[in-house]
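Report on one structure; see the data block that follows.
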Amino acid sequence: PEVPNITNNEQTITEGRATITTLGNVFYNPVQEFNRDLSISVINVFSKERSNSPKLEFGIKNENGIRILEALSATGLRSIRYAKEICGIKEIVANDISKIAVAAMRNNIKDNRVDELVTASENDAVMLMYEHRLKEKQFDVIDLDPYGCPSRFLDAAVQAVSDGGLLLVTATDMAVLAGNSPETCYSKYGAISLRTKCCYEMALRILLQCIESHANRYGRYIEPVLSLSADFYIRVFVKIYSGAHKCKFSTSKLSMVYQCNGCETFTLSPLGTVKTSDNKQVKFKLPTGPPLNSQCEHCQHSHLLGGPIWSAPIHDPNFVQKVITETPEHLNTARRIQGVLNVVYEELIDCPLYFVLERLSGILHVTTPPMMEFRSAILNAGYQVSFSHSRKTSIKTDAPAKVIWDILRCW
Ligand code: SAM
């Protein structure tokens, strides 16, 4: 649900190393502690990578450190926590359009004694980011944590992140992304969502293609380091690079999704294939997906067409591994972060989307086999299998759908 948890009365909250007071209706959602803790863990790894030094100090201004913009900051809690719990910081700008939020934020910055590192800003986030498009003004990290859909902030955000910098984006409009309103999804994200059992991963991939498409307009492209579905939202962490030449390869990282109306088998069809020839020329081949009215090879029903989605890897396993080993121990959700990231680390990186075991057996009207035995059968048939972090009963595999159906039929 997309209902923001708004506190009406003044309230003092301690989270991580920050203690803040909310005023009036300024947004604060305790459930998002995991989101904030995870972001702290990820930016810490990024900051160490960026500075090339494992020994950075917390809470102390580092002139060679990173510059962070929290574009939609509300109480300032997140920025204050970043100042106290991330090492190697030069500056944090905590911005909000609401006067009352910025008033609360100013008090909280003072009370937490992070004035040296955190500056409060009262601006429209879009205008502020447009003012930071030039190289010397760009931020190393931009965090977008809006109510609902983030897409209206993306055009400015992809321009205001420095080369190799990190963009963090939350989306909470899960109904739109998960296929309840595909036409709204198209108008907001430029992709058709599908009602599918793997809708959470599809949501992540729709958001990633949307960010990539905004970045491509400015000769930039993304490299996702971590993409998570959690609680009622999704959160992606992507690095943004400049390189018009590399943008030519974007079509090969995007696919349309054909989903059968009967057995729900999905097929991915890339928007085009791109190859570099011997003389380094980029060669583009037009897409050759199945026609939409073609019948499903498994049950002869027609297809629904969704996408485009990001069909390249959604995580960087090396980066994820560093976040697992370097998760700060003091975080309340440290164990949860490590638990989720261990599943993420094991995810098959080249197998977009997934089957859901009980749905497969429901479609065939057979008893659901035990998950571990079903996974063993896939492995014994010579294919790889993993879970997706976004669903307990998910099956990610490089086995063709025919193999999956055959295994289940013979159970
Ligand atoms: N990041 C915060 C946290 O972790 O607690 C929560 C942010 S809250 C979900 C979204 C905030 O965005 C609200 O405080 C709202 O006032 C602000 N906002 C909405 N539109 C904005 C805009 N165009 N520019 C700046 N702030 C905006």
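Residues in the structure tokens are numbered from 1 in each chain, the chains being A, B, ... in the order shown, and ligands are numbered from 1 in the order shown.
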May I ask you to write as a PyMOL selection string all residues lying at most 6 Å from ligand 1, with only C-alpha atoms and all ligand atoms counted?
chain A and resi 27-28+72-74+77-78+96-98+123-125+145-147
Residue contacts of stretch 329-336 of chain A (8 Å, only C-alpha atoms) excluding same-chain residues fewer than 3 positions away, as a list in words:
Gly16, Glu33, Phe34, Asp37, Gly339 and Val340 of chain A
So that I can check the surroundings of stretch 249-258 of chain A, please list as a short mmCIF file (atom, residue, chain, number, x, y, z; two decimals) with C-alpha atoms, in the first residue's frame every protein, DNA and RNA residue that reaches within 6 Å of it, counting only C-alpha atoms and ignoring chain neighbours fewer than 3 positions away.
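result-v2.cif, freshly written:
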```cif
data_model
loop_
_atom_site.label_atom_id
_atom_site.label_comp_id
_atom_site.auth_asym_id
_atom_site.auth_seq_id
_atom_site.Cartn_x
_atom_site.Cartn_y
_atom_site.Cartn_z
CA LYS A 246 28.57 2.30 -24.55
CA PHE A 266 7.61 -16.33 -19.96
CA THR A 267 9.99 -15.76 -22.87
CA LEU A 268 12.39 -12.84 -23.14
CA SER A 269 13.05 -11.15 -26.43
CA PRO A 270 15.92 -8.60 -26.58
CA LEU A 271 15.22 -5.19 -28.15
CA GLY A 272 18.14 -5.81 -30.47
CA THR A 273 21.52 -7.45 -30.49
CA VAL A 274 24.67 -5.40 -30.65
CA HIS A 303 0.77 -14.33 -25.29
CA LEU A 304 0.64 -11.09 -23.34
CA LEU A 305 3.42 -8.62 -24.07
CA GLY A 306 5.13 -6.64 -21.31
CA GLY A 307 8.27 -4.54 -20.96
CA PRO A 308 10.72 -3.41 -21.97
CA ILE A 309 12.61 -4.58 -18.90
CA TRP A 310 16.29 -4.47 -17.94
CA SER A 311 17.44 -8.02 -18.76
CA ALA A 312 21.16 -7.65 -17.90
#
```
Determine which residues of stretch 27-235 of chain A DSSP labels as helix (DSSP H, G or I) from the backbone of this structure, then write them out as a PyMOL selection string.
chain A and resi 30-51+77-85+99-111+125-130+135-137+151-160+174-177+182-189+199-216
Save out the residues we just selected, C-alpha atoms, as a short mmCIF file (atom, residue, chain, number, x, y, z; two decimals), in the first residue's frame.
```cif
data_model
loop_
_atom_site.label_atom_id
_atom_site.label_comp_id
_atom_site.auth_asym_id
_atom_site.auth_seq_id
_atom_site.Cartn_x
_atom_site.Cartn_y
_atom_site.Cartn_z
CA PRO A 30 10.02 3.40 11.12
CA VAL A 31 9.58 0.46 8.71
CA GLN A 32 12.12 2.11 6.42
CA GLU A 33 14.90 1.60 8.96
CA PHE A 34 16.04 -1.40 6.90
CA ASN A 35 16.17 0.82 3.79
CA ARG A 36 18.28 3.42 5.65
CA ASP A 37 20.57 0.79 7.24
CA LEU A 38 21.12 -0.91 3.90
CA SER A 39 21.90 2.42 2.24
CA ILE A 40 24.47 3.16 4.96
CA SER A 41 26.12 -0.21 4.31
CA VAL A 42 26.18 0.31 0.54
CA ILE A 43 27.45 3.90 0.61
CA ASN A 44 30.19 2.92 3.08
CA VAL A 45 31.51 0.38 0.59
CA PHE A 46 31.19 2.90 -2.25
CA SER A 47 32.99 5.59 -0.23
CA LYS A 48 35.93 3.25 0.49
CA GLU A 49 36.11 2.25 -3.18
CA ARG A 50 36.02 5.87 -4.28
CA SER A 51 38.75 7.02 -1.88
CA LEU A 77 17.11 11.55 9.66
CA ARG A 78 18.72 9.74 6.76
CA SER A 79 21.27 12.50 6.08
CA ILE A 80 22.16 12.79 9.77
CA ARG A 81 22.66 9.04 9.93
CA TYR A 82 24.81 9.19 6.77
CA ALA A 83 26.96 11.88 8.45
CA LYS A 84 27.44 9.80 11.60
CA GLU A 85 27.58 6.30 10.15
CA LYS A 99 9.09 24.47 4.81
CA ILE A 100 8.05 22.58 7.90
CA ALA A 101 10.25 19.60 6.97
CA VAL A 102 13.24 21.89 6.50
CA ALA A 103 12.55 23.57 9.86
CA ALA A 104 12.55 20.15 11.55
CA MET A 105 15.65 19.17 9.61
CA ARG A 106 17.57 22.31 10.72
CA ASN A 107 16.84 21.58 14.38
CA ASN A 108 17.80 17.95 13.99
CA ILE A 109 21.09 18.79 12.27
CA LYS A 110 21.96 21.18 15.13
CA ASP A 111 20.88 18.76 17.89
CA ALA A 125 14.58 18.57 -5.81
CA VAL A 126 14.31 18.70 -9.61
CA MET A 127 15.50 22.32 -9.81
CA LEU A 128 18.29 21.66 -7.32
CA MET A 129 19.58 18.68 -9.31
CA TYR A 130 19.39 20.62 -12.62
CA LYS A 135 30.85 18.32 -13.74
CA GLU A 136 32.36 20.45 -10.98
CA LYS A 137 29.00 20.65 -9.18
CA SER A 151 10.29 8.79 -12.30
CA ARG A 152 9.73 12.56 -12.32
CA PHE A 153 13.08 13.02 -10.54
CA LEU A 154 15.13 10.76 -12.78
CA ASP A 155 15.88 13.11 -15.70
CA ALA A 156 17.58 15.58 -13.35
CA ALA A 157 19.16 12.92 -11.14
CA VAL A 158 20.99 11.04 -13.91
CA GLN A 159 22.66 14.32 -14.92
CA ALA A 160 23.66 15.44 -11.44
CA MET A 174 4.11 -1.42 -6.21
CA ALA A 175 0.56 -1.84 -7.52
CA VAL A 176 1.51 0.04 -10.69
CA LEU A 177 4.81 -1.80 -11.10
CA PRO A 182 -0.05 -1.51 -16.93
CA GLU A 183 -1.08 1.65 -18.76
CA THR A 184 -0.08 3.82 -15.77
CA CYS A 185 3.16 1.89 -15.56
CA TYR A 186 3.83 2.76 -19.20
CA SER A 187 3.12 6.45 -18.66
CA LYS A 188 5.32 6.61 -15.56
CA TYR A 189 8.12 4.18 -16.36
CA CYS A 199 6.28 -9.28 -10.43
CA TYR A 200 8.76 -8.04 -7.78
CA GLU A 201 11.78 -8.81 -9.91
CA MET A 202 9.95 -7.50 -12.95
CA ALA A 203 9.30 -4.26 -11.00
CA LEU A 204 13.03 -3.92 -10.30
CA ARG A 205 13.82 -4.49 -13.96
CA ILE A 206 11.22 -1.94 -15.10
CA LEU A 207 12.72 0.69 -12.80
CA LEU A 208 16.24 -0.12 -14.01
CA GLN A 209 15.26 0.20 -17.70
CA CYS A 210 13.62 3.53 -16.85
CA ILE A 211 16.81 4.88 -15.23
CA GLU A 212 18.90 3.56 -18.15
CA SER A 213 16.63 5.26 -20.67
CA HIS A 214 16.95 8.62 -18.88
CA ALA A 215 20.73 8.21 -18.61
CA ASN A 216 21.08 7.28 -22.31
#
```
Find the residues around A:Leu408 up to 12 Å (only C-alpha atoms counted), leave out those fewer than 4 positions away in its own chain, and share them as a PyMOL selection string.
chain A and resi 357-371+373-375+377-378+401-404
File of the preceding selection, N, CA and C atoms, as an mmCIF file, in the first residue's frame:
```
data_model
loop_
_atom_site.group_PDB
_atom_site.id
_atom_site.type_symbol
_atom_site.label_atom_id
_atom_site.label_comp_id
_atom_site.auth_asym_id
_atom_site.auth_seq_id
_atom_site.Cartn_x
_atom_site.Cartn_y
_atom_site.Cartn_z
ATOM 1 N N LEU A 357 7.149 -22.142 -7.476
ATOM 2 C CA LEU A 357 6.865 -23.574 -7.441
ATOM 3 C C LEU A 357 5.375 -23.895 -7.293
ATOM 4 N N GLU A 358 4.709 -23.257 -6.319
ATOM 5 C CA GLU A 358 3.298 -23.629 -6.094
ATOM 6 C C GLU A 358 2.410 -23.181 -7.256
ATOM 7 N N ARG A 359 2.859 -22.161 -8.000
ATOM 8 C CA ARG A 359 2.080 -21.728 -9.160
ATOM 9 C C ARG A 359 2.207 -22.755 -10.295
ATOM 10 N N LEU A 360 3.436 -23.266 -10.463
ATOM 11 C CA LEU A 360 3.666 -24.280 -11.502
ATOM 12 C C LEU A 360 2.776 -25.502 -11.241
ATOM 13 N N SER A 361 2.767 -25.969 -9.975
ATOM 14 C CA SER A 361 1.977 -27.168 -9.680
ATOM 15 C C SER A 361 0.489 -26.846 -9.753
ATOM 16 N N GLY A 362 0.109 -25.610 -9.389
ATOM 17 C CA GLY A 362 -1.297 -25.207 -9.500
ATOM 18 C C GLY A 362 -1.753 -25.253 -10.955
ATOM 19 N N ILE A 363 -0.911 -24.798 -11.861
ATOM 20 C CA ILE A 363 -1.287 -24.776 -13.278
ATOM 21 C C ILE A 363 -1.469 -26.204 -13.803
ATOM 22 N N LEU A 364 -0.602 -27.124 -13.346
ATOM 23 C CA LEU A 364 -0.704 -28.520 -13.801
ATOM 24 C C LEU A 364 -1.677 -29.346 -12.959
ATOM 25 N N HIS A 365 -2.235 -28.734 -11.903
ATOM 26 C CA HIS A 365 -3.132 -29.449 -10.969
ATOM 27 C C HIS A 365 -2.454 -30.688 -10.388
ATOM 28 N N VAL A 366 -1.210 -30.529 -9.950
ATOM 29 C CA VAL A 366 -0.508 -31.642 -9.286
ATOM 30 C C VAL A 366 -0.076 -31.169 -7.894
ATOM 31 N N THR A 367 0.286 -32.103 -7.042
ATOM 32 C CA THR A 367 0.746 -31.750 -5.698
ATOM 33 C C THR A 367 2.094 -31.032 -5.817
ATOM 34 N N THR A 368 2.273 -29.999 -4.978
ATOM 35 C CA THR A 368 3.540 -29.243 -5.035
ATOM 36 C C THR A 368 4.669 -30.106 -4.480
ATOM 37 N N PRO A 369 5.717 -30.357 -5.250
ATOM 38 C CA PRO A 369 6.830 -31.152 -4.724
ATOM 39 C C PRO A 369 7.644 -30.346 -3.708
ATOM 40 N N PRO A 370 8.380 -31.027 -2.829
ATOM 41 C CA PRO A 370 9.245 -30.292 -1.901
ATOM 42 C C PRO A 370 10.289 -29.490 -2.687
ATOM 43 N N MET A 371 10.513 -28.254 -2.269
ATOM 44 C CA MET A 371 11.397 -27.340 -3.013
ATOM 45 C C MET A 371 12.788 -27.939 -3.248
ATOM 46 N N GLU A 373 13.808 -30.995 -3.323
ATOM 47 C CA GLU A 373 13.817 -32.120 -4.278
ATOM 48 C C GLU A 373 13.631 -31.627 -5.711
ATOM 49 N N PHE A 374 12.786 -30.624 -5.862
ATOM 50 C CA PHE A 374 12.553 -30.084 -7.199
ATOM 51 C C PHE A 374 13.835 -29.422 -7.732
ATOM 52 N N ARG A 375 14.519 -28.696 -6.834
ATOM 53 C CA ARG A 375 15.781 -28.055 -7.236
ATOM 54 C C ARG A 375 16.821 -29.116 -7.616
ATOM 55 N N ALA A 377 16.239 -32.015 -8.856
ATOM 56 C CA ALA A 377 15.881 -32.574 -10.164
ATOM 57 C C ALA A 377 16.398 -31.664 -11.286
ATOM 58 N N ILE A 378 16.324 -30.364 -11.087
ATOM 59 C CA ILE A 378 16.822 -29.415 -12.113
ATOM 60 C C ILE A 378 18.341 -29.565 -12.239
ATOM 61 N N ALA A 401 11.959 -23.773 -20.223
ATOM 62 C CA ALA A 401 10.650 -24.015 -19.595
ATOM 63 C C ALA A 401 10.184 -25.450 -19.832
ATOM 64 N N LYS A 402 10.516 -25.992 -21.013
ATOM 65 C CA LYS A 402 10.078 -27.363 -21.338
ATOM 66 C C LYS A 402 10.608 -28.357 -20.297
ATOM 67 N N VAL A 403 11.862 -28.165 -19.883
ATOM 68 C CA VAL A 403 12.474 -29.063 -18.889
ATOM 69 C C VAL A 403 11.716 -28.955 -17.562
ATOM 70 N N ILE A 404 11.385 -27.741 -17.177
ATOM 71 C CA ILE A 404 10.664 -27.528 -15.908
ATOM 72 C C ILE A 404 9.308 -28.243 -15.954
#
```
Where in stretch 25-228 of chain A does DSSP assign strand (DSSP E), given as a ChimeraX atom specification?
/A:61-70,89-96,118-122,139-144,161-171,220-228
Of the candidates A:Val26, A:Leu228, A:Leu168, A:Cys263, which shows the shortest atom-to-atom distance to A:Arg391, using only C-alpha atoms?
A:Leu228
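For the atom pair formed by atom CA of A:Tyr383 and atom CA of A:Cys410, the distance is 17.2 Å, given to one decimal.
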I'd like the neighbourhood of A:Asp316 as JSON, numbers by chain, where a residue qualifies if any of its atoms comes within 9 Å (using only C-alpha atoms), though same-chain residues fewer than 2 positions away should be ignored.
{"A": [223, 224, 225, 226, 313, 314, 318, 319, 320, 321, 345, 349]}
Writing out the chosen residues with C-alpha atoms as a PDB file, in the first residue's frame:
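What follows is the written file result_4.pdb:
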```pdb
ATOM      1  CA  GLU A 223      25.628  -0.459 -13.891  1.00  0.00           C
ATOM      2  CA  PRO A 224      23.369  -1.866 -11.162  1.00  0.00           C
ATOM      3  CA  VAL A 225      25.294  -2.879  -8.027  1.00  0.00           C
ATOM      4  CA  LEU A 226      22.307  -4.036  -5.963  1.00  0.00           C
ATOM      5  CA  PRO A 313      22.423  -8.439 -14.352  1.00  0.00           C
ATOM      6  CA  ILE A 314      20.690  -6.500 -11.571  1.00  0.00           C
ATOM      7  CA  ASN A 318      31.668  -8.516  -5.995  1.00  0.00           C
ATOM      8  CA  PHE A 319      30.081  -5.371  -4.646  1.00  0.00           C
ATOM      9  CA  VAL A 320      27.383  -7.379  -2.823  1.00  0.00           C
ATOM     10  CA  GLN A 321      30.084  -9.548  -1.206  1.00  0.00           C
ATOM     11  CA  TYR A 345      24.784 -13.133  -3.805  1.00  0.00           C
ATOM     12  CA  ILE A 349      22.952 -13.416 -12.412  1.00  0.00           C
TER      13      ILE A 349
END
```
So which residues touch A:Gly165 within 10 Å, counting only C-alpha atoms, skipping near sequence neighbours fewer than 6 positions away, as JSON, numbers by chain?
{"A": [46, 47, 50, 66, 67, 68, 138, 139, 140, 141, 142, 158, 222, 238, 239, 240, 241]}
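Closest approach to A:Gly88 among A:Lys392, A:His298, A:Lys283, A:Lys55: A:Lys55, based on only C-alpha atoms.
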